[in-house]
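Structure file protein_36.txt; described as compact mmCIF, C-alpha atoms and all ligand atoms.
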# COMPACT_ATOMS: atom_id res chain seq x y z
CA MET A 1 0.00 0.00 0.00
CA ILE A 2 2.76 2.43 1.03
CA VAL A 3 4.82 1.36 -2.00
CA ALA A 4 1.89 1.80 -4.36
CA ARG A 5 1.15 5.26 -3.03
CA ARG A 6 4.79 6.34 -3.26
CA THR A 7 4.99 5.08 -6.83
CA LEU A 8 1.93 7.15 -7.60
CA ILE A 9 3.38 10.25 -5.94
CA ALA A 10 6.72 9.70 -7.66
CA GLY A 11 4.88 9.82 -10.95
CA ALA A 12 3.40 13.18 -9.99
CA GLY A 13 6.83 14.77 -9.46
CA GLY A 14 10.12 14.48 -7.59
CA LEU A 15 9.28 17.35 -5.23
CA LEU A 16 6.33 15.47 -3.71
CA LEU A 17 8.39 12.30 -3.42
CA ALA A 18 11.06 14.20 -1.50
CA GLY A 19 8.40 15.47 0.92
CA CYS A 20 7.01 11.99 1.33
CA ASP A 21 10.46 10.55 2.03
CA ARG A 22 11.06 13.17 4.71
CA VAL A 23 7.83 12.20 6.47
CA ALA A 24 8.58 8.49 6.08
CA ALA A 25 12.04 8.95 7.59
CA ASN A 26 10.60 10.41 10.81
CA PRO A 27 9.95 7.46 13.17
CA GLN A 28 6.92 9.04 14.81
CA ALA A 29 5.40 9.99 11.47
CA ARG A 30 6.04 6.45 10.26
CA ARG A 31 4.19 5.01 13.23
CA ILE A 32 1.20 7.20 12.55
CA LEU A 33 1.34 6.47 8.84
CA PHE A 34 1.45 2.73 9.34
CA ALA A 35 -1.25 2.78 12.01
CA GLY A 36 -3.39 4.62 9.50
CA GLU A 37 -2.72 1.99 6.86
CA ASP A 38 -3.66 -0.84 9.20
CA MET A 39 -6.82 0.90 10.26
CA HIS A 40 -7.70 1.66 6.66
CA ARG A 41 -7.15 -1.96 5.64
CA GLY A 42 -9.30 -3.18 8.52
CA LEU A 43 -12.09 -0.81 7.63
CA GLN A 44 -11.87 -1.69 3.96
CA ARG A 45 -12.08 -5.40 4.78
CA ALA A 46 -15.05 -4.81 7.05
CA LEU A 47 -16.91 -2.81 4.44
CA LEU A 48 -16.04 -4.63 1.23
CA ASP A 49 -15.50 -8.24 2.28
CA ARG A 50 -18.97 -8.78 3.71
CA GLY A 51 -20.31 -9.60 0.27
CA ALA A 52 -17.40 -11.85 -0.75
CA LEU A 53 -18.15 -15.52 -1.27
CA ALA A 54 -16.86 -18.21 1.08
CA PRO A 55 -14.65 -20.73 -0.74
CA GLU A 56 -16.51 -23.51 -2.52
CA PHE A 57 -15.10 -26.98 -3.12
CA ARG A 58 -15.27 -29.84 -5.62
CA PRO A 59 -17.41 -32.93 -4.96
CA ASP A 60 -14.26 -35.03 -4.49
CA GLN A 61 -13.21 -32.73 -1.63
CA MET A 62 -16.31 -33.49 0.45
CA SER A 63 -15.63 -34.99 3.88
CA PRO A 64 -16.46 -38.70 4.13
CA ILE A 65 -17.68 -38.06 7.65
CA PHE A 66 -19.47 -34.85 8.65
CA ARG A 67 -19.77 -34.73 12.40
CA ALA A 68 -23.02 -33.57 14.02
CA ASN A 69 -22.63 -31.12 16.90
CA GLY A 70 -24.77 -29.44 19.53
CA THR A 71 -28.27 -30.90 19.46
CA ARG A 72 -28.37 -34.15 17.48
CA ASP A 73 -32.10 -34.71 18.02
CA PRO A 74 -34.44 -32.14 19.59
CA GLY A 75 -36.35 -35.08 21.08
CA THR A 76 -39.44 -33.10 22.11
CA PRO A 77 -42.93 -34.57 21.56
CA ALA A 78 -43.68 -31.85 19.01
CA TYR A 79 -40.50 -32.60 17.04
CA ALA A 80 -40.99 -36.38 17.29
CA ALA A 81 -44.49 -35.93 15.84
CA MET A 82 -43.05 -34.00 12.89
CA VAL A 83 -40.45 -36.72 12.28
CA ALA A 84 -43.19 -39.37 12.45
CA ASP A 85 -45.15 -37.82 9.58
CA GLY A 86 -42.08 -37.07 7.49
CA PHE A 87 -42.38 -33.33 8.26
CA ALA A 88 -45.64 -33.11 6.27
CA GLY A 89 -46.99 -30.92 9.07
CA TYR A 90 -43.91 -28.72 9.26
CA ARG A 91 -44.38 -25.02 8.62
CA LEU A 92 -41.74 -22.32 8.64
CA ARG A 93 -43.12 -19.17 10.21
CA VAL A 94 -41.72 -15.90 8.82
CA GLY A 95 -42.71 -12.81 10.76
CA GLY A 96 -41.59 -9.73 12.64
CA LEU A 97 -40.93 -6.63 10.53
CA VAL A 98 -42.51 -7.96 7.34
CA ASP A 99 -45.53 -6.83 5.32
CA ARG A 100 -46.67 -10.40 4.57
CA PRO A 101 -46.13 -12.91 7.39
CA LEU A 102 -45.67 -16.38 5.90
CA SER A 103 -46.22 -19.95 6.93
CA LEU A 104 -44.32 -22.11 4.44
CA SER A 105 -44.51 -25.86 3.91
CA LEU A 106 -41.44 -27.81 2.81
CA ALA A 107 -42.94 -28.06 -0.69
CA GLN A 108 -43.31 -24.29 -0.84
CA LEU A 109 -39.73 -23.79 0.37
CA ALA A 110 -38.47 -26.31 -2.17
CA SER A 111 -40.20 -24.41 -5.00
CA MET A 112 -38.33 -21.16 -4.29
CA PRO A 113 -35.13 -20.07 -6.09
CA ALA A 114 -32.45 -22.29 -4.60
CA ARG A 115 -28.69 -22.57 -4.47
CA SER A 116 -26.39 -25.54 -4.08
CA GLN A 117 -22.91 -25.12 -2.61
CA ILE A 118 -20.05 -27.23 -1.33
CA THR A 119 -18.52 -25.36 1.60
CA ARG A 120 -16.45 -25.89 4.72
CA HIS A 121 -18.12 -25.77 8.12
CA ASP A 122 -15.84 -24.46 10.87
CA CYS A 123 -16.82 -25.08 14.48
CA VAL A 124 -15.19 -23.03 17.26
CA GLU A 125 -14.52 -26.29 19.06
CA GLY A 126 -11.81 -26.94 16.49
CA TRP A 127 -13.16 -29.20 13.78
CA SER A 128 -14.15 -28.59 10.17
CA ALA A 129 -15.97 -30.57 7.51
CA ILE A 130 -16.80 -30.01 3.86
CA GLY A 131 -20.34 -30.76 2.74
CA GLN A 132 -22.85 -29.90 0.06
CA TRP A 133 -25.90 -27.87 0.97
CA GLN A 134 -28.97 -27.03 -1.04
CA GLY A 135 -32.05 -24.94 -0.42
CA PRO A 136 -33.81 -21.64 -1.03
CA MET A 137 -31.82 -18.45 -0.62
CA LEU A 138 -32.85 -16.74 2.61
CA GLY A 139 -32.94 -13.37 0.83
CA ASN A 140 -35.71 -14.61 -1.47
CA VAL A 141 -37.77 -15.85 1.47
CA LEU A 142 -37.40 -12.45 3.15
CA LYS A 143 -38.32 -10.68 -0.08
CA ALA A 144 -41.42 -12.89 -0.44
CA ALA A 145 -42.41 -11.84 3.08
CA GLY A 146 -41.86 -8.18 2.24
CA MET A 147 -39.21 -7.50 4.86
CA ARG A 148 -39.38 -3.86 5.91
CA SER A 149 -36.44 -1.48 5.60
CA THR A 150 -36.54 -0.93 9.37
CA ALA A 151 -35.32 -4.53 9.90
CA ARG A 152 -31.64 -4.81 10.81
CA TYR A 153 -31.42 -8.41 12.04
CA VAL A 154 -32.96 -11.75 11.28
CA VAL A 155 -33.62 -14.04 14.24
CA PHE A 156 -33.98 -17.82 13.95
CA THR A 157 -36.00 -19.87 16.42
CA CYS A 158 -35.30 -23.59 16.55
CA ALA A 159 -37.16 -26.76 17.58
CA ASP A 160 -34.51 -27.89 20.12
CA LEU A 161 -34.59 -26.69 23.70
CA TYR A 162 -31.75 -25.54 25.95
CA ASN A 163 -32.87 -25.13 29.57
CA GLY A 164 -36.43 -25.44 28.35
CA GLN A 165 -36.12 -22.59 25.84
CA PRO A 166 -35.78 -22.88 22.05
CA TYR A 167 -32.26 -22.45 20.63
CA TYR A 168 -32.01 -19.14 18.81
CA GLU A 169 -29.50 -17.30 16.68
CA SER A 170 -29.40 -14.11 14.65
CA ILE A 171 -27.57 -12.55 11.73
CA ASP A 172 -27.67 -9.07 10.25
CA THR A 173 -29.36 -8.19 6.98
CA VAL A 174 -26.01 -8.13 5.12
CA ASP A 175 -25.49 -11.82 5.89
CA ALA A 176 -29.20 -12.55 5.39
CA PHE A 177 -29.00 -11.35 1.77
CA HIS A 178 -25.55 -12.85 1.08
CA PRO A 179 -25.91 -15.16 -1.96
CA GLN A 180 -24.57 -18.18 -0.04
CA THR A 181 -27.00 -17.75 2.86
CA ILE A 182 -29.59 -20.46 2.34
CA LEU A 183 -32.21 -22.42 4.22
CA ALA A 184 -30.77 -25.85 3.53
CA LEU A 185 -33.29 -28.62 2.89
CA LYS A 186 -30.68 -31.03 1.55
CA MET A 187 -27.20 -32.10 2.61
CA ASN A 188 -24.92 -34.10 0.31
CA GLY A 189 -27.81 -34.63 -2.10
CA ALA A 190 -30.26 -36.15 0.40
CA ARG A 191 -32.98 -34.60 2.54
CA LEU A 192 -31.47 -33.20 5.72
CA ASN A 193 -31.36 -35.84 8.47
CA VAL A 194 -32.27 -35.25 12.10
CA ALA A 195 -28.67 -34.98 13.31
CA HIS A 196 -27.90 -32.15 10.87
CA GLY A 197 -31.04 -30.12 11.50
CA ALA A 198 -34.04 -31.59 9.66
CA PRO A 199 -36.08 -30.36 8.01
CA VAL A 200 -34.55 -26.85 7.61
CA ARG A 201 -31.23 -25.45 8.78
CA LEU A 202 -29.48 -22.19 8.10
CA ARG A 203 -26.25 -22.10 6.12
CA VAL A 204 -24.54 -18.74 6.52
CA GLU A 205 -21.21 -19.57 4.97
CA ARG A 206 -19.23 -16.52 6.08
CA GLN A 207 -19.84 -17.35 9.74
CA LEU A 208 -18.65 -19.94 12.26
CA GLY A 209 -20.62 -23.13 12.95
CA TYR A 210 -22.78 -22.01 15.84
CA LYS A 211 -24.47 -19.36 13.66
CA HIS A 212 -25.82 -22.13 11.36
CA ALA A 213 -29.08 -22.69 13.22
CA LYS A 214 -30.52 -26.22 12.82
CA TYR A 215 -34.21 -27.24 13.20
CA VAL A 216 -35.40 -23.74 12.20
CA THR A 217 -39.11 -23.26 12.84
CA GLY A 218 -39.37 -19.47 12.89
CA ILE A 219 -37.68 -16.47 11.29
CA ASP A 220 -38.28 -12.94 12.57
CA ALA A 221 -37.03 -9.67 11.13
CA VAL A 222 -36.25 -7.25 13.96
CA ALA A 223 -34.83 -3.76 14.41
CA SER A 224 -32.84 -4.65 17.51
CA LEU A 225 -31.62 -7.72 19.40
CA ALA A 226 -32.55 -6.15 22.73
CA GLY A 227 -35.69 -8.22 23.27
CA ILE A 228 -34.19 -11.54 22.12
CA GLY A 229 -32.99 -13.91 24.87
CA LYS A 230 -30.59 -11.99 27.12
CA GLY A 231 -29.94 -9.47 24.34
CA LYS A 232 -26.73 -10.73 22.71
CA GLY A 233 -28.49 -12.33 19.77
CA GLY A 234 -27.98 -16.04 20.27
CA TYR A 235 -27.95 -18.91 22.73
CA TRP A 236 -24.13 -19.23 22.84
CA GLU A 237 -23.62 -15.49 22.80
CA ASP A 238 -25.97 -15.08 25.76
CA ASN A 239 -24.73 -18.05 27.79
CA VAL A 240 -21.17 -18.95 26.79
CA ASP A 241 -19.84 -15.57 25.68
CA TYR A 242 -19.29 -16.45 22.01
CA ASP A 243 -19.04 -13.38 19.78
CA TRP A 244 -22.23 -12.41 17.94
CA TYR A 245 -20.20 -11.53 14.86
CA ALA A 246 -18.38 -14.75 14.03
CA GLY A 247 -17.21 -13.82 10.53
CA ILE A 248 -14.67 -16.01 8.77
N1 LIG B 1 -30.71 -25.57 16.73
C1 LIG B 1 -29.40 -25.73 16.90
N2 LIG B 1 -28.57 -25.29 15.93
C2 LIG B 1 -27.24 -25.45 16.06
C3 LIG B 1 -26.66 -26.03 17.21
C4 LIG B 1 -27.55 -26.50 18.21
O1 LIG B 1 -27.15 -27.04 19.25
N3 LIG B 1 -28.91 -26.33 18.02
N4 LIG B 1 -25.29 -26.16 17.31
C5 LIG B 1 -24.47 -25.29 16.46
C6 LIG B 1 -23.07 -25.67 16.38
S1 LIG B 1 -22.06 -25.23 17.66
C7 LIG B 1 -22.53 -26.23 15.25
S2 LIG B 1 -20.87 -26.50 15.08
C8 LIG B 1 -23.40 -26.68 14.15
C9 LIG B 1 -23.22 -28.16 13.90
O2 LIG B 1 -23.90 -28.53 12.74
P1 LIG B 1 -23.92 -30.05 12.36
O3 LIG B 1 -24.53 -30.80 13.50
O4 LIG B 1 -24.71 -30.15 11.08
O5 LIG B 1 -22.48 -30.46 12.16
O6 LIG B 1 -24.78 -26.43 14.38
C10 LIG B 1 -25.04 -25.22 15.04
N5 LIG B 1 -26.45 -25.01 15.05
MO MO B 2 -19.92 -25.35 16.80
What does this structure look like when you write it as structure tokens?
Ligand SMILES: Nc1nc2c(c(=O)[nH]1)N[C@H]1C(S)=C(S)[C@@H](COP(=O)(O)O)O[C@H]1N2
Ligand SMILES: [Mo]
Amino acid sequence: MIVARRTLIAGAGGLLLAGCDRVAANPQARRILFAGEDMHRGLQRALLDRGALAPEFRPDQMSPIFRANGTRDPGTPAYAAMVADGFAGYRLRVGGLVDRPLSLSLAQLASMPARSQITRHDCVEGWSAIGQWQGPMLGNVLKAAGMRSTARYVVFTCADLYNGQPYYESIDTVDAFHPQTILALKMNGARLNVAHGAPVRLRVERQLGYKHAKYVTGIDAVASLAGIGKGKGGYWEDNVDYDWYAGI
């Protein structure tokens, strides 16, 4: 960055370059200059990289074993009943700051514009696995519901309980409309199994594993996370001090 700028200034004339060299030779000025560069780079990353795609992989790179983590079966009577009828009675509720609250069956979800992607899941506990995920893009579901411009976050409510309360997670609208953010109905070409979050789980590929809510039953657009759980936006964030922004 420094080199590029100096090359540019050198092109503009030797006088400017001399001035620049004088500043660069002063240790205190250098410190300030370099601090500025670091800050600028950080800011640029934060602003521009949010839309960048997570790496995608070839089918032959898929992990032979994809571990299941956290809840492996919600095990509640309500969930067991849904499993028993092959999720025919499942409905995804979409509400909050939307003009058209929705209640979507699996067939309706499957008919929406979908994406398929082979990505790497990274869990904070120190394991990763590459798998293929397929399902409607979350952004299209939110558009169908007419999400209002006042919404800043999207909250997911899940069928599994922790201390008697449904697991929950949230992402901001930038991640919600990221092209790789999908409501996965399929994993590795087959319908999602119970261990991996049947019948619907979030894939938010620019985030760590705990943001990928499994067993999603409800989606709410909200203006603030203040009223959700203890206010930090997710079960782990509220109870185990994980960061809300778990970007990778
Ligand atoms: N509903 C729900 N979603 C969840 C969890 C959970 O316990 N309940 N665990 C999270 C964690 S920590 C990880 S690493 C991934 C694991 O996804 P997998 O079981 O498909 O590997 O799910 C995430 N989503
Ligand atoms: Mo995790």
Kindly work out which residues sit at most 9 Å from ligand LIG 1 (chain B), using all atoms listed in the file, and give the list as number ranges by chain. A: 66-74, 121-125, 127-129, 156-162, 166-169, 195-197, 201-202, 208-216, 235-236
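When all atoms listed in the file are used to measure the gap to ligand MO 2 (chain B), the shortest distance among A:Ala246, A:Ala198, A:Ala176, A:Ile171 belongs to A:Ala246.
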Using only C-alpha atoms, list the residues that have an atom at most 10 Å from (-30.3, -10.2, 21.2), coordinates as in the file, as a PyMOL selection string. chain A and resi 153+155+168-170+222+224-235+237-238+244
Show me, as a ChimeraX atom specification, the residues that have an atom within 6 Å of stretch 92-98 of chain A when counting only C-alpha atoms, minus same-chain residues fewer than 6 positions from it. /A:104,145-148,217-222
For A:Ala184, list every protein, DNA or RNA residue within 8 Å, evaluated using all atoms listed in the file, and leave out those in the same chain fewer than 2 positions away; present the list as an mmCIF file with C-alpha atoms, in the coordinates of the input.
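Heads up, here's the output in part.cif:
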data_model
loop_
_atom_site.group_PDB
_atom_site.id
_atom_site.type_symbol
_atom_site.label_atom_id
_atom_site.label_comp_id
_atom_site.auth_asym_id
_atom_site.auth_seq_id
_atom_site.Cartn_x
_atom_site.Cartn_y
_atom_site.Cartn_z
ATOM 1 C CA TRP A 133 -25.900 -27.870 0.970
ATOM 2 C CA GLN A 134 -28.970 -27.030 -1.040
ATOM 3 C CA GLY A 135 -32.050 -24.940 -0.420
ATOM 4 C CA PRO A 136 -33.810 -21.640 -1.030
ATOM 5 C CA ILE A 182 -29.590 -20.460 2.340
ATOM 6 C CA LYS A 186 -30.680 -31.030 1.550
ATOM 7 C CA MET A 187 -27.200 -32.100 2.610
ATOM 8 C CA LEU A 192 -31.470 -33.200 5.720
ATOM 9 C CA VAL A 200 -34.550 -26.850 7.610
ATOM 10 C CA ARG A 201 -31.230 -25.450 8.780
ATOM 11 C CA LEU A 202 -29.480 -22.190 8.100
ATOM 12 C CA ARG A 203 -26.250 -22.100 6.120
#
For stretch 127-138 of chain A, which lacks atoms in the input, supply N, CA, C and O atoms and format the output as an mmCIF file, in the coordinates of the input.
data_model
loop_
_atom_site.group_PDB
_atom_site.id
_atom_site.type_symbol
_atom_site.label_atom_id
_atom_site.label_comp_id
_atom_site.auth_asym_id
_atom_site.auth_seq_id
_atom_site.Cartn_x
_atom_site.Cartn_y
_atom_site.Cartn_z
ATOM 1 N N TRP A 127 -13.077 -28.231 14.871
ATOM 2 C CA TRP A 127 -13.160 -29.200 13.780
ATOM 3 C C TRP A 127 -13.833 -28.547 12.578
ATOM 4 O O TRP A 127 -14.577 -27.569 12.717
ATOM 5 N N SER A 128 -13.557 -29.090 11.413
ATOM 6 C CA SER A 128 -14.150 -28.590 10.170
ATOM 7 C C SER A 128 -14.607 -29.765 9.333
ATOM 8 O O SER A 128 -14.088 -30.873 9.489
ATOM 9 N N ALA A 129 -15.544 -29.533 8.446
ATOM 10 C CA ALA A 129 -15.970 -30.570 7.510
ATOM 11 C C ALA A 129 -16.533 -29.895 6.268
ATOM 12 O O ALA A 129 -17.122 -28.813 6.348
ATOM 13 N N ILE A 130 -16.310 -30.546 5.129
ATOM 14 C CA ILE A 130 -16.800 -30.010 3.860
ATOM 15 C C ILE A 130 -18.024 -30.811 3.431
ATOM 16 O O ILE A 130 -17.984 -32.046 3.393
ATOM 17 N N GLY A 131 -19.104 -30.094 3.155
ATOM 18 C CA GLY A 131 -20.340 -30.760 2.740
ATOM 19 C C GLY A 131 -21.067 -29.936 1.694
ATOM 20 O O GLY A 131 -20.754 -28.755 1.478
ATOM 21 N N GLN A 132 -22.046 -30.586 1.068
ATOM 22 C CA GLN A 132 -22.850 -29.900 0.060
ATOM 23 C C GLN A 132 -24.230 -29.571 0.639
ATOM 24 O O GLN A 132 -24.863 -30.424 1.265
ATOM 25 N N TRP A 133 -24.640 -28.356 0.414
ATOM 26 C CA TRP A 133 -25.900 -27.870 0.970
ATOM 27 C C TRP A 133 -26.765 -27.306 -0.134
ATOM 28 O O TRP A 133 -26.258 -26.635 -1.036
ATOM 29 N N GLN A 134 -28.069 -27.554 -0.024
ATOM 30 C CA GLN A 134 -28.970 -27.030 -1.040
ATOM 31 C C GLN A 134 -30.281 -26.577 -0.425
ATOM 32 O O GLN A 134 -30.839 -27.253 0.463
ATOM 33 N N GLY A 135 -30.768 -25.429 -0.906
ATOM 34 C CA GLY A 135 -32.050 -24.940 -0.420
ATOM 35 C C GLY A 135 -32.281 -23.522 -0.870
ATOM 36 O O GLY A 135 -31.408 -22.897 -1.481
ATOM 37 N N PRO A 136 -33.483 -22.993 -0.592
ATOM 38 C CA PRO A 136 -33.810 -21.640 -1.030
ATOM 39 C C PRO A 136 -32.900 -20.588 -0.384
ATOM 40 O O PRO A 136 -32.490 -20.732 0.756
ATOM 41 N N MET A 137 -32.623 -19.548 -1.150
ATOM 42 C CA MET A 137 -31.820 -18.450 -0.620
ATOM 43 C C MET A 137 -32.674 -17.676 0.381
ATOM 44 O O MET A 137 -33.823 -17.326 0.099
ATOM 45 N N LEU A 138 -32.098 -17.435 1.556
ATOM 46 C CA LEU A 138 -32.850 -16.740 2.610
ATOM 47 C C LEU A 138 -33.365 -15.395 2.116
ATOM 48 O O LEU A 138 -34.489 -15.001 2.428
#
